[in-house]
Structure formats: structure tokens, C-alpha cells
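Everything below concerns the one structure shown next.
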Amino acid sequence: MEAPQPEPPTTAAYEEEWVIGPHNTNFYTRTYSCVDPIAAVAFVHGAAEHSERFSEMHTNFSTKHNIAVFSFDLRGFGRTALDKDHRSKDAAYGKSKWEFQMDDVEWAIEQTAEKFPAVPIFLMGVSMGGGQALGLLCDKARAENTPVKRITGVIAGSPCITLANPVPKAAVWIVNILSSMKPYMVFPIKNNANDLSRNPETNASYLSDPFITQSPGSLQSLKDMIGGGEALLNTGYAYWPEKVPVLFLHGTGDKFTSPKGTEALFEKFPANDKKLILYPGAYHELHNEPDGVKEKSLSDVVAFILAHCPPFRAPSPQLEGRGPDIQGFRVGVNAPAPVSTSPSHGTPPLPPRHSKGHPDGGMWKAHRVGVAGTMDTVDHPHLLNVGSVVTVP
């Protein structure tokens with residue numbers, strides 16, 4: 001009898017668009033659709049990277065779990081900053097600041113809700129994006145007219161609350177002075193790719209990526225990233241909407257952002273439903289970590305999403321009889337949606353379009369819906385549950 005053959009790697013299928021967003025910026029976007037999604041994720045990447053580096057994760061969400069994803073390259077990073085054929089005229093690497101970033105993430109939520117209006121929307125951010133996701137909810141959740149009201153839950157992976165190696169006060173002072181004079185001067189020190197993960201292949205791909213310069217950004221964006229995390233830890237946490245559940249993920253071996261900072265924020269967070277999962281020894285990029293960490297962290301995110309979705313809905317005819325039901329949801333059973341595919345770094349020319357209702361990218365139509373109620377998250381058999389803090393053995 002022949003040994004079972006491994007499954008072939010999943011082919012990324014997504015729709016690419018250049019979309020005019022806040023402050024008349026042309027954003028590179030990717031949408032990973034699926035038939036009859038049970039949820040959708042608005043995804044925010046970190047500094048010195050771009051959305052394509054999460055393609056495997058997002059494809060897994062859409063093809064194996066029926067979770068759609070809307071992702072985009074942040075202002076000042078990736079194709080949004082470096083694609084000379086499509087970027088805005090004033091776009092440049094690292095040219096960003098906290099105020100604009102909050103507008104951009106809010107816009108991404110609206111885009112996700114427009115594309116997937118019938119399902120719960122989750123906001124997921126990693127590294128700098130994790131801090132931005134948490135900061136946006138604290139800043140905007142109590143506002144009257146905001147797409148943030150549409151968020152069912154938040155996932156913060158390796159969030160930038162404090163740095164693993166705190167910057168000396170003298171250096172912070174110098175950066176603050178310089179940023180006031182030349183805010184968008186690119187920070188001259190580059191990231192050490194070997195500190196990203198314990199996976200040499202993905203670390204090498206980071207160095208060869210044409211849409212990554214390895215610098216964490218401009219003086220202004222770096223100042224805002226560090227300051228935004230500190231503000232969350234010191235006072236901002238108190239404004240978190242209690243009914244919005246949150247999942248924190250962090251590797252204890254992270255050399256960029258501090259798991260201790262995440263733990264400290266977690267302890268203060270007023271959310272009625274919160275969970276922190278720590279991965280012993282894991283580095284910054286959990287989605288690229290070896291030794292099963294990548295798979296476990298992905299499973300933990302999916303479990304969080306499933307646990308906070310509404311009860312089971314009858315599947316569409318295309319899905320009838322295809323795949324198992326798990327936790328009252330039909331997962332891993334989608335048929336490919338009519339989307340385009342693109343090879344790595346091979347973006348074809350795409351015409352920009354304006355977001356619905358706000359051609360200038362400024363004001364946009366807000367969704368006003370109630371925040372979903374909370375419920376307990378699902379614990380996995382392989383996890384050791386210690387109260388609300390989970391440590392992967």
C-alpha cells in the first residue's frame with residue numbers, strides 16, 4: 001500500500017486593486033474571497049513589510065476556513081509607497097504618521113464591510129499594525145459615526161507596545177528633535193532579518209524583497225509607532241470598548257517587540273473577553289515560525305474567530321455536502337471565487353478606483369451597527385490554559 005502523499009501547497013487566489021483612500025492616497029489592496037464566508041478579516045501589516053508577506057496565511061483563511069480577508073499595503077510601505085507605476089505622486093517610503101494611519105485602518109474596515117456586508121468583521125494587526133488596531137479601537141470606538149462600530153473582535157499579533165530592546169532616552173530625545181525638522185527622513189538603521197523568525201528561508205526572502213528596504217520607516221512613523229504603544233500602555237487602554245473581545249499573540253523570544261509589554265497591556269485591558277497566548281521561544285513573525293508555531297498560531301486565530309461568530313447559517317448550494325461542520329460552522333469547503341492570481345512581485349497594471357461614497361478619500365459613509373456580544377473563546381487540547389493567559393507547551 002502506497003504511503004499517503006502530502007497535500008500540494010495552496011495556490012494564492014486573490015483580487016488586486018489600487019484604491020483611492022484617505023487623503024487621496026492610492027493604496028495597493030488584496031482581497032481573498034471565498035464562497036459563503038462565515039467572517040471577514042481587515043488585516044494590517046507591520047513596519048518595513050507589506051501585505052504580500054502574509055499571502056500564505058490569508059490564503060489559508062479563505063481556502064480552508066471560509067474566512068475572507070481584505071489586506072492592503074500601508075501608507076509609506078510596500079507597493080503603496082514603492083510601486084512607481086501606481087503609487088500616489090507624493091508617496092514615499094516611511095512617509096506616514098499616526099493620525100493618517102488611524103484614518104487608513106478605519107478605511108480598511110469600511111472596505112472590508114462593503115465587500116462582505118453580511119458577515120462579522122474582525123480587525124487583525126501584527127507588529128506595528130497590532131498597535132494600530134488596538135489604538136484605533138481605543139481612539140474611535142465611542143465615536144458616533146465610524147466603521148469601527150462594525151468590528152466584532154480584534155486580534156493583535158506581536159503588537160508593538162514596547163520594544164524588546166528599549167531605545168535609550170538620549171536617542172529618543174534626538175529622534176524627537178530630528179523628526180520635528182525632517183519628519184519623513186528614513187531611519188538609517190535597518191532591521192536584522194535573522195531576528196524576524198527562526199525560519200532561514202523566509203528571512204532570506206525578506207532581504208531579497210523589492211518592496212522592502214529593511215528600514216522600520218521614517219523618523220516620524222518610528223516616533224509614532226513607539227509613542228502609540230506607550231500611550232496605549234499608560235492611559236489609552238482605559239478607552240477600550242469592554243464588549244469587544246480581543247486576542248493577543250506573542251512569542252517569548254521576540255527580538256523586535258516585547259512580550260512583556262504585551263503582557264502588561266493585557267493585564268490592564270478592560271475587555272470582558274480577552275485572551276493572551278504566548279509561544280515559548282518563538283520570534284517576531286509567528287506566521288513564519290518553524291516547529292509547529294506557524295500552524296498553532298493560525299489555529300488559535302481561527303478558533304477565536306469561530307468562537308465569536310453568530311450561530312450556524314445554512315451553506316450556499318455550492319457548499320452543500322462538501323466538508324465537515326466544526327463548532328456549528330462549515331469550514332474548509334470553499335470553491336474558488338472568480339478572482340485573479342498574481343505571481344510574487346509581478347503586479348500587473350491595475351487601474352485605480354475610488355472608494356464608494358468618498359472620491360476624494362476624505363470623508364466616507366459610516367456603518368452604524370451594534371458591537372457583537374462576547375462569548376468564551378475555544379481552548380485547544382494542545383494548550384495549557386492558565387486563567388485567560390495561555391502558554392503553548
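How things are named: the first chain in the C-alpha cells is A, the next is B, and so on; residues count from 1 in each chain; ligands count from 1 in the order shown.
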
Please identify every residue of stretch 44-158 of chain A that has at least one atom no farther than 12 Å from an atom of stretch 225-240 of chain A, counting only C-alpha atoms, and for each give the shortest atom pair and the distance in Å to one decimal, arranged by chain then increasing number, as CSV.
```
residue,atom,partner,partner_atom,distance
A:Gly46,CA,A:Met225,CA,10.0
A:Ala47,CA,A:Met225,CA,8.9
A:Gly94,CA,A:Met225,CA,11.6
A:Ser96,CA,A:Met225,CA,10.4
A:Lys97,CA,A:Met225,CA,8.6
A:Trp98,CA,A:Met225,CA,7.4
A:Glu99,CA,A:Gly228,CA,10.5
A:Gln101,CA,A:Met225,CA,10.2
A:Met102,CA,A:Gly228,CA,10.9
A:Ser127,CA,A:Met225,CA,9.6
A:Met128,CA,A:Met225,CA,6.4
A:Gly129,CA,A:Met225,CA,9.2
A:Gly130,CA,A:Gly229,CA,9.6
A:Gly131,CA,A:Gly229,CA,6.1
A:Gln132,CA,A:Gly228,CA,7.8
A:Ala133,CA,A:Gly228,CA,10.9
A:Leu134,CA,A:Leu232,CA,8.0
A:Gly135,CA,A:Leu232,CA,6.7
A:Leu136,CA,A:Trp240,CA,9.3
A:Leu137,CA,A:Trp240,CA,6.3
A:Cys138,CA,A:Trp240,CA,4.6
A:Asp139,CA,A:Tyr239,CA,7.2
A:Lys140,CA,A:Tyr239,CA,9.1
A:Ala141,CA,A:Trp240,CA,7.6
A:Arg142,CA,A:Tyr239,CA,8.4
A:Ala143,CA,A:Tyr239,CA,11.4
A:Val148,CA,A:Trp240,CA,11.9
A:Gly153,CA,A:Trp240,CA,11.8
A:Val154,CA,A:Trp240,CA,11.1
A:Ser158,CA,A:Gly229,CA,11.9
```

Can you list, as a ChimeraX atom specification, all residues belonging to stretch 120-153 of chain A that DSSP tags as alpha helix (DSSP H)?
/A:128-140

A straight line from atom CA of A:Asn165 to atom CA of A:Lys255 spans 7.5 Å

Can you list, as a VMD selection string, all residues belonging to stretch 20-231 of chain A that DSSP tags as strand (DSSP E or B)?
chain A and resid 20 26 to 32 39 to 44 67 to 72 121 to 126 151 to 157 163 186 218

Best match for closeness to A:Met185 among A:Ser205, A:Ser221, A:Pro147, A:Tyr14, counting only C-alpha atoms:
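So, comparing all the options, the nearest one is A:Ser221.
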
When you count only C-alpha atoms, which of these residues is closest to A:Ser258: A:Leu286, A:Ile189, A:Ala42, A:Leu163?
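For A:Ser258, the nearest of the given residues is A:Leu163.
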
Using only C-alpha atoms, pick whichever of A:Thr391, A:Thr202, A:Glu52, A:Leu306 has the shortest atom-to-atom distance to A:Tyr279.
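Among the listed residues, the smallest separation from A:Tyr279 belongs to A:Thr391.
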